[in-house]
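Below is the file work.cif, which contains mmCIF, C-alpha atoms and all ligand atoms.
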data_entry
#
loop_
_atom_site.group_PDB
_atom_site.id
_atom_site.type_symbol
_atom_site.label_atom_id
_atom_site.label_comp_id
_atom_site.auth_asym_id
_atom_site.auth_seq_id
_atom_site.Cartn_x
_atom_site.Cartn_y
_atom_site.Cartn_z
ATOM 1 C CA MET I 1127 3.327 -24.426 -22.725
ATOM 2 C CA THR I 1128 6.258 -22.971 -24.651
ATOM 3 C CA ILE I 1129 8.848 -20.658 -23.225
ATOM 4 C CA CYS I 1130 10.365 -17.745 -25.122
ATOM 5 C CA LYS I 1131 14.016 -18.501 -25.904
ATOM 6 C CA GLY I 1132 14.888 -14.867 -25.283
ATOM 7 C CA CYS I 1133 13.291 -13.806 -22.031
ATOM 8 C CA GLY I 1134 11.879 -17.057 -20.671
ATOM 9 C CA ALA I 1135 8.302 -15.788 -20.525
ATOM 10 C CA VAL I 1136 5.545 -18.299 -21.284
ATOM 11 C CA LEU I 1137 4.395 -17.685 -24.861
ATOM 12 C CA GLN I 1138 0.780 -16.594 -25.186
ATOM 13 C CA ASN I 1139 -1.316 -15.082 -27.983
ATOM 14 C CA GLU I 1140 -4.124 -13.487 -26.009
ATOM 15 C CA TYR I 1141 -2.748 -10.364 -24.350
ATOM 16 C CA PRO I 1142 -0.551 -8.237 -26.654
ATOM 17 C CA ASP I 1143 0.485 -5.885 -23.845
ATOM 18 C CA GLN I 1144 1.694 -8.631 -21.535
ATOM 19 C CA ALA I 1145 4.885 -10.666 -21.319
ATOM 20 C CA GLY I 1146 5.348 -13.547 -23.716
ATOM 21 C CA TYR I 1147 2.915 -12.304 -26.357
ATOM 22 C CA THR I 1148 3.343 -13.672 -29.863
ATOM 23 C CA PRO I 1149 0.777 -13.846 -32.662
ATOM 24 C CA ARG I 1150 2.009 -17.377 -33.462
ATOM 25 C CA LEU I 1151 2.199 -19.859 -30.621
ATOM 26 C CA ASP I 1152 4.689 -22.049 -32.507
ATOM 27 C CA ALA I 1153 7.213 -19.185 -32.548
ATOM 28 C CA GLU I 1154 10.531 -19.503 -30.709
ATOM 29 C CA TYR I 1155 10.514 -15.970 -29.393
ATOM 30 C CA CYS I 1156 7.886 -13.641 -28.009
ATOM 31 C CA ARG I 1157 7.152 -10.594 -30.143
ATOM 32 C CA ARG I 1158 9.210 -8.312 -27.922
ATOM 33 C CA CYS I 1159 12.312 -10.515 -28.143
ATOM 34 C CA PHE I 1160 11.769 -11.151 -31.845
ATOM 35 C CA ARG I 1161 11.655 -7.438 -32.599
ATOM 36 C CA LEU I 1162 14.641 -6.798 -30.342
ATOM 37 C CA ILE I 1163 16.737 -9.430 -32.148
ATOM 38 C CA HIS I 1164 15.728 -8.599 -35.696
ATOM 39 C CA TYR I 1165 14.952 -4.888 -35.654
ATOM 40 C CA ASP I 1166 16.854 -3.543 -32.616
ATOM 41 C CA ASP I 1167 13.439 -2.372 -31.571
ATOM 42 C CA LEU I 1168 12.920 -2.139 -27.841
ATOM 43 C CA THR I 1169 9.118 -2.293 -27.894
ATOM 44 C CA VAL I 1170 8.564 -1.601 -24.228
ATOM 45 C CA SER I 1171 10.732 1.328 -23.223
ATOM 46 C CA MET I 1172 11.451 3.028 -26.557
ATOM 47 C CA ARG I 1173 7.923 3.051 -27.887
ATOM 48 C CA THR I 1174 5.739 3.491 -24.855
ATOM 49 C CA GLY I 1175 8.355 4.880 -22.476
ATOM 50 C CA ILE I 1176 7.854 5.172 -18.751
ATOM 51 C CA ASP I 1177 4.961 7.255 -17.512
ATOM 52 C CA SER I 1178 7.006 9.600 -15.332
ATOM 53 C CA ASP I 1179 3.922 11.385 -14.005
ATOM 54 C CA ALA I 1180 2.557 8.070 -12.718
ATOM 55 C CA VAL I 1181 5.917 7.202 -11.131
ATOM 56 C CA LEU I 1182 6.182 10.600 -9.437
ATOM 57 C CA LYS I 1183 2.608 10.397 -8.181
ATOM 58 C CA GLU I 1184 3.213 6.929 -6.745
ATOM 59 C CA ALA I 1185 6.353 8.168 -4.965
ATOM 60 C CA GLU I 1186 4.507 11.205 -3.643
ATOM 61 C CA ASN I 1187 1.744 9.020 -2.192
ATOM 62 C CA THR I 1188 4.170 6.675 -0.473
ATOM 63 C CA PRO I 1189 5.431 8.108 2.805
ATOM 64 C CA GLY I 1190 9.108 7.439 3.328
ATOM 65 C CA ALA I 1191 9.741 6.628 -0.331
ATOM 66 C CA VAL I 1192 12.927 7.996 -1.823
ATOM 67 C CA LEU I 1193 12.938 8.568 -5.571
ATOM 68 C CA TRP I 1194 16.459 8.200 -6.895
ATOM 69 C CA VAL I 1195 17.021 9.375 -10.450
ATOM 70 C CA VAL I 1196 20.175 8.165 -12.194
ATOM 71 C CA ASP I 1197 21.449 8.998 -15.643
ATOM 72 C CA LEU I 1198 22.022 5.671 -17.412
ATOM 73 C CA PHE I 1199 24.560 7.291 -19.708
ATOM 74 C CA ASP I 1200 26.615 8.492 -16.746
ATOM 75 C CA PHE I 1201 25.609 5.948 -14.160
ATOM 76 C CA GLU I 1202 28.482 6.447 -11.718
ATOM 77 C CA ALA I 1203 27.847 10.182 -11.469
ATOM 78 C CA GLY I 1204 24.328 9.389 -10.281
ATOM 79 C CA MET I 1205 25.494 7.153 -7.464
ATOM 80 C CA ILE I 1206 26.218 8.415 -3.977
ATOM 81 C CA PRO I 1207 29.524 7.024 -2.714
ATOM 82 C CA GLY I 1208 29.013 5.487 0.710
ATOM 83 C CA LEU I 1209 31.188 3.493 3.051
ATOM 84 C CA SER I 1210 29.749 0.429 4.730
ATOM 85 C CA ALA I 1211 31.247 0.255 8.187
ATOM 86 C CA HIS I 1212 30.534 -2.967 10.016
ATOM 87 C CA MET I 1213 33.469 -1.909 12.164
ATOM 88 C CA PRO I 1214 32.657 1.521 13.640
ATOM 89 C CA GLU I 1215 36.363 2.463 13.625
ATOM 90 C CA LEU I 1216 36.084 2.740 9.849
ATOM 91 C CA ILE I 1217 33.983 5.890 10.260
ATOM 92 C CA LEU I 1218 36.657 7.434 12.472
ATOM 93 C CA TYR I 1219 39.433 6.569 9.993
ATOM 94 C CA SER I 1220 37.401 7.873 7.082
ATOM 95 C CA ASP I 1221 36.588 11.165 8.805
ATOM 96 C CA ARG I 1222 40.206 11.579 9.882
ATOM 97 C CA ASN I 1223 41.569 10.869 6.400
ATOM 98 C CA GLY I 1224 38.889 12.811 4.531
ATOM 99 C CA TYR I 1225 37.791 9.919 2.311
ATOM 100 C CA ASP I 1226 35.616 10.932 -0.638
ATOM 101 C CA VAL I 1227 32.320 9.470 0.598
ATOM 102 C CA GLU I 1228 28.937 11.083 1.197
ATOM 103 C CA THR I 1229 27.495 8.726 3.769
ATOM 104 C CA TYR I 1230 28.294 5.898 6.144
ATOM 105 C CA ILE I 1231 26.434 2.643 6.667
ATOM 106 C CA GLN I 1232 26.579 1.320 10.205
ATOM 107 C CA ILE I 1233 24.940 -1.568 12.076
ATOM 108 C CA TYR I 1234 23.013 -0.019 14.962
ATOM 109 C CA ASN I 1235 20.260 -1.487 17.123
ATOM 110 C CA CYS I 1236 18.957 -1.492 20.667
ATOM 111 C CA MET I 1237 20.273 -5.002 21.341
ATOM 112 C CA GLY I 1238 23.881 -4.545 20.278
ATOM 113 C CA PHE I 1239 23.291 -7.296 17.725
ATOM 114 C CA MET I 1240 26.302 -7.756 15.436
ATOM 115 C CA MET I 1241 27.838 -4.570 16.784
ATOM 116 C CA GLN I 1242 31.569 -4.834 17.439
ATOM 117 C CA ILE I 1243 31.530 -2.499 20.410
ATOM 118 C CA GLU I 1244 28.862 -1.570 22.924
ATOM 119 C CA ILE I 1245 25.784 0.346 21.800
ATOM 120 C CA GLU I 1246 26.886 3.506 23.633
ATOM 121 C CA GLY I 1247 30.178 3.449 21.740
ATOM 122 C CA VAL I 1248 28.560 3.131 18.317
ATOM 123 C CA ASN I 1249 26.098 5.857 19.291
ATOM 124 C CA GLY I 1250 29.057 8.140 19.993
ATOM 125 C CA VAL I 1251 30.624 7.282 16.626
ATOM 126 C CA ILE I 1252 27.355 8.120 14.852
ATOM 127 C CA TRP I 1253 26.952 11.448 16.635
ATOM 128 C CA ASN I 1254 30.540 12.444 15.840
ATOM 129 C CA ALA I 1255 30.468 11.319 12.199
ATOM 130 C CA LYS I 1256 31.142 14.079 9.689
ATOM 131 C CA LYS I 1257 28.718 12.522 7.175
ATOM 132 C CA PRO I 1258 25.126 11.289 7.530
ATOM 133 C CA VAL I 1259 24.951 7.717 8.810
ATOM 134 C CA MET I 1260 22.573 5.127 7.368
ATOM 135 C CA THR I 1261 21.920 2.748 10.241
ATOM 136 C CA ILE I 1262 21.013 -0.846 9.432
ATOM 137 C CA LYS I 1263 19.667 -3.867 11.349
ATOM 138 C CA SER I 1264 17.497 -1.697 13.611
ATOM 139 C CA MET I 1265 15.393 -4.738 14.570
ATOM 140 C CA ALA I 1266 18.475 -6.852 15.286
ATOM 141 C CA ALA I 1267 17.500 -9.323 12.544
ATOM 142 C CA GLY I 1268 14.068 -9.977 14.043
ATOM 143 C CA ARG I 1269 15.217 -10.082 17.665
ATOM 144 C CA CYS I 1270 13.018 -7.179 18.652
ATOM 145 C CA THR I 1271 9.749 -5.799 17.285
ATOM 146 C CA PRO I 1272 9.692 -2.968 14.720
ATOM 147 C CA PHE I 1273 8.182 -0.693 17.373
ATOM 148 C CA VAL I 1274 11.078 -1.269 19.753
ATOM 149 C CA GLY I 1275 13.826 -1.271 17.148
ATOM 150 C CA ILE I 1276 12.731 1.629 14.982
ATOM 151 C CA THR I 1277 11.704 3.809 17.917
ATOM 152 C CA PHE I 1278 15.064 3.296 19.630
ATOM 153 C CA SER I 1279 16.997 4.026 16.461
ATOM 154 C CA PHE I 1280 15.154 7.251 15.614
ATOM 155 C CA ALA I 1281 15.326 8.418 19.216
ATOM 156 C CA THR I 1282 19.105 8.047 19.357
ATOM 157 C CA ILE I 1283 20.404 9.193 15.962
ATOM 158 C CA ARG I 1284 20.784 12.726 14.593
ATOM 159 C CA PRO I 1285 18.250 14.393 12.258
ATOM 160 C CA GLN I 1286 20.538 13.851 9.244
ATOM 161 C CA ASP I 1287 20.939 10.109 9.919
ATOM 162 C CA MET I 1288 18.720 7.362 8.551
ATOM 163 C CA VAL I 1289 17.214 4.041 9.533
ATOM 164 C CA THR I 1290 17.291 1.523 6.702
ATOM 165 C CA LEU I 1291 15.168 -1.591 6.797
ATOM 166 C CA GLY I 1292 13.771 -4.295 4.601
ATOM 167 C CA ALA I 1293 10.203 -5.536 4.376
ATOM 168 C CA PHE I 1294 8.418 -8.483 2.831
ATOM 169 C CA THR I 1295 5.056 -6.855 2.081
ATOM 170 C CA PRO I 1296 3.608 -3.365 1.442
ATOM 171 C CA ASP I 1297 1.721 -3.698 4.755
ATOM 172 C CA GLU I 1298 5.008 -4.051 6.596
ATOM 173 C CA VAL I 1299 6.344 -0.966 4.827
ATOM 174 C CA HIS I 1300 3.323 1.109 5.907
ATOM 175 C CA GLU I 1301 3.603 -0.172 9.464
ATOM 176 C CA ASP I 1302 7.343 0.515 9.678
ATOM 177 C CA VAL I 1303 6.930 3.993 8.180
ATOM 178 C CA GLU I 1304 4.138 4.808 10.648
ATOM 179 C CA ILE I 1305 6.323 3.665 13.562
ATOM 180 C CA ALA I 1306 9.191 5.770 12.208
ATOM 181 C CA LEU I 1307 7.031 8.892 11.736
ATOM 182 C CA ALA I 1308 5.566 8.434 15.229
ATOM 183 C CA ALA I 1309 9.063 8.202 16.702
ATOM 184 C CA ILE I 1310 10.195 11.327 14.861
ATOM 185 C CA GLU I 1311 7.021 13.237 15.800
ATOM 186 C CA ARG I 1312 7.114 11.913 19.377
ATOM 187 C CA ARG I 1313 3.622 10.445 19.270
ATOM 188 C CA ARG I 1314 2.103 6.999 19.514
ATOM 189 C CA PRO I 1315 1.976 5.069 16.243
ATOM 190 C CA VAL I 1316 -1.445 4.329 14.776
ATOM 191 C CA LEU I 1317 -1.250 0.641 13.949
ATOM 192 C CA GLY I 1318 -3.637 -2.151 13.108
ATOM 193 C CA LYS I 1319 -2.898 -5.713 14.043
ATOM 194 C CA ARG I 1320 0.760 -6.526 13.673
ATOM 195 C CA SER I 1321 1.706 -7.603 10.179
ATOM 196 C CA SER I 1322 5.462 -7.824 10.608
ATOM 197 C CA PRO I 1323 7.298 -10.945 11.728
ATOM 198 C CA ALA I 1324 8.226 -11.427 15.379
ATOM 199 C CA ARG I 1325 4.831 -10.381 16.677
ATOM 200 C CA THR I 1326 4.385 -10.573 20.418
ATOM 201 C CA ALA I 1327 1.386 -10.893 22.667
ATOM 202 C CA ILE I 1328 2.271 -7.606 24.315
ATOM 203 C CA VAL I 1329 2.122 -5.646 21.077
ATOM 204 C CA ASP I 1330 -0.999 -7.467 19.876
ATOM 205 C CA ALA I 1331 -2.699 -6.641 23.133
ATOM 206 C CA ARG I 1332 -1.790 -2.992 23.344
ATOM 207 C CA GLN I 1333 -5.023 -0.946 22.259
HETATM 208 ZN ZN ZN E 1401 10.753 -13.087 -25.040
#
Turn the structure described in the file into structure tokens.
Amino acid sequence: MTICKGCGAVLQNEYPDQAGYTPRLDAEYCRRCFRLIHYDDLTVSMRTGIDSDAVLKEAENTPGAVLWVVDLFDFEAGMIPGLSAHMPELILYSDRNGYDVETYIQIYNCMGFMMQIEIEGVNGVIWNAKKPVMTIKSMAAGRCTPFVGITFSFATIRPQDMVTLGAFTPDEVHEDVEIALAAIERRRPVLGKRSSPARTAIVDARQ
């Protein structure tokens, strides 16, 4: 097993469209890296490009997905300036001083986990913020279930605010999105067996 000196992929001579392909297994570089070094030829993106229709379709079929297009030649202009406020006072200072930001990021969850002041206080800061607030840690780092955490967050933020969360698997994403949509639409989420961490007997038994 030889590794490409350029990209680290395992060299192989069977699948030309996959990583590590080289016609000669005793080569030092895969074909992609070889062409990049010697011909400035970016085989993957310059020749075949990205199938934008496929990307758009995938985004369209994924509830809750946000497609963010940035211009690589003017990267900063494509970014949204946000202010991460672990201390809720930061939002007040920023609003008061008119800082040039488009959004705030604030820890907010039903357990007060890692929140500097009580939940009611942070809730007030969010509702008075002049910019949309992206709330994070809605499940208090696994201390409550997605159903509890996400439902609380969506029930207590404004329509322009967001709940941001991470997931390990696509199943978790679908489950979290369904819980979020149910909270927004004020209905009961349609869920299979729990796939997220921190499952509890109560949630497993609900039906
Ligand atoms: Zn390579």
Practice task
Would you list the residues near (23.4, 0.0, 19.4), meaning any protein, DNA or RNA residue with an atom at most 6 Å from that point in file coordinates, counting all atoms listed in the file, as a list in words?
Solution key: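 Here is the list of nearby residues: Tyr1234, Asn1235, Cys1236, Gly1238 and Ile1245 of chain I.
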Would you put the residues from that selection into a file with C-alpha atoms, as a compact mmCIF listing (two decimals), in the frame of the given file?
# COMPACT_ATOMS: atom_id res chain seq x y z
CA TYR I 1234 23.01 -0.02 14.96
CA ASN I 1235 20.26 -1.49 17.12
CA CYS I 1236 18.96 -1.49 20.67
CA GLY I 1238 23.88 -4.54 20.28
CA ILE I 1245 25.78 0.35 21.80
Practice task
Please check which protein, DNA or RNA residues sit within 12 Å of ligand ZN 1401 (chain E), counting only C-alpha atoms and all ligand atoms, and write them as a PyMOL selection string.
Solution key: chain I and resi 1128-1138+1144-1148+1153-1163+1168-1170
Practice task
Name the residues captured by the PyMOL selection byres (((chain I and resi 1211-1226) around 9) and not hetatm) when it is applied to the shown file; answer as a ChimeraX atom specification.
Solution key: /I:1207-1210,1227-1228,1230-1233,1240-1243,1247-1248,1251-1252,1254-1257
Handout entry: Given the PyMOL selection byres (((chain I and resi 1275) around 12) and not hetatm), the residues it picks as a PyMOL selection string
Key = chain I and resi 1234-1239+1261-1274+1276-1282+1289-1291+1302+1305-1306+1309+1324
Practice task
For CA of Phe1201 (chain I) and CA of Pro1258 (chain I), determine how far apart the two atoms are, in Å to one decimal place.
Solution key: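 Between CA of Phe1201 (chain I) and CA of Pro1258 (chain I) the gap is 22.3 Å.
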Problem - For CA of Asp1297 (chain I) and CA of Val1316 (chain I), the interatomic separation in Å (one decimal) - result: 13.2 Å
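Note that CA of Phe1199 (chain I) and CA of Gly1292 (chain I) are 29.0 Å apart.
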Practice task
Any chance you could resolve the PyMOL selection byres (((chain I and resi 1287) around 6) and not hetatm) against this file and give the residues as a VMD selection string?
Solution key: chain I and resid 1258 to 1260 1284 to 1286 1288
Fill in the blank from the handout: For Thr1229 (chain I), the closest of I:Ala1191, I:Ile1206, I:Leu1307, I:Leu1198 counting all atoms listed in the file is I:Ile1206
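Among the candidate residues I:Ser1178, I:Ala1203, I:His1164, I:Leu1317, the one lying nearest to Val1299 (chain I) is I:Leu1317, with distances computed using only C-alpha atoms.
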Could you add whatever atoms are missing so that region 1238-1249 of chain I carries N, CA and C atoms, then write the result as a CSV table (one decimal), in the coordinates of the input?
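Generated file (out_32.csv):
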chain,number,residue,atom,x,y,z
I,1238,GLY,N,22.4,-4.4,20.5
I,1238,GLY,CA,23.9,-4.5,20.3
I,1238,GLY,C,24.2,-5.7,19.3
I,1239,PHE,N,23.1,-6.1,18.6
I,1239,PHE,CA,23.3,-7.3,17.7
I,1239,PHE,C,24.3,-7.0,16.6
I,1240,MET,N,25.3,-7.9,16.5
I,1240,MET,CA,26.3,-7.8,15.4
I,1240,MET,C,27.1,-6.5,15.5
I,1241,MET,N,27.1,-5.8,16.6
I,1241,MET,CA,27.8,-4.6,16.8
I,1241,MET,C,29.1,-4.9,17.5
I,1242,GLN,N,30.3,-4.4,16.9
I,1242,GLN,CA,31.6,-4.8,17.4
I,1242,GLN,C,31.8,-4.3,18.8
I,1243,ILE,N,31.3,-3.1,19.1
I,1243,ILE,CA,31.5,-2.5,20.4
I,1243,ILE,C,30.2,-2.2,21.0
I,1244,GLU,N,30.2,-1.8,22.3
I,1244,GLU,CA,28.9,-1.6,22.9
I,1244,GLU,C,28.0,-0.5,22.2
I,1245,ILE,N,26.7,-0.6,22.5
I,1245,ILE,CA,25.8,0.3,21.8
I,1245,ILE,C,26.2,1.8,22.0
I,1246,GLU,N,26.5,2.1,23.3
I,1246,GLU,CA,26.9,3.5,23.6
I,1246,GLU,C,28.1,4.0,22.8
I,1247,GLY,N,29.0,3.1,22.5
I,1247,GLY,CA,30.2,3.4,21.7
I,1247,GLY,C,29.8,3.8,20.3
I,1248,VAL,N,29.0,2.9,19.7
I,1248,VAL,CA,28.6,3.1,18.3
I,1248,VAL,C,27.7,4.4,18.2
I,1249,ASN,N,26.9,4.6,19.3
I,1249,ASN,CA,26.1,5.9,19.3
I,1249,ASN,C,27.0,7.1,19.3
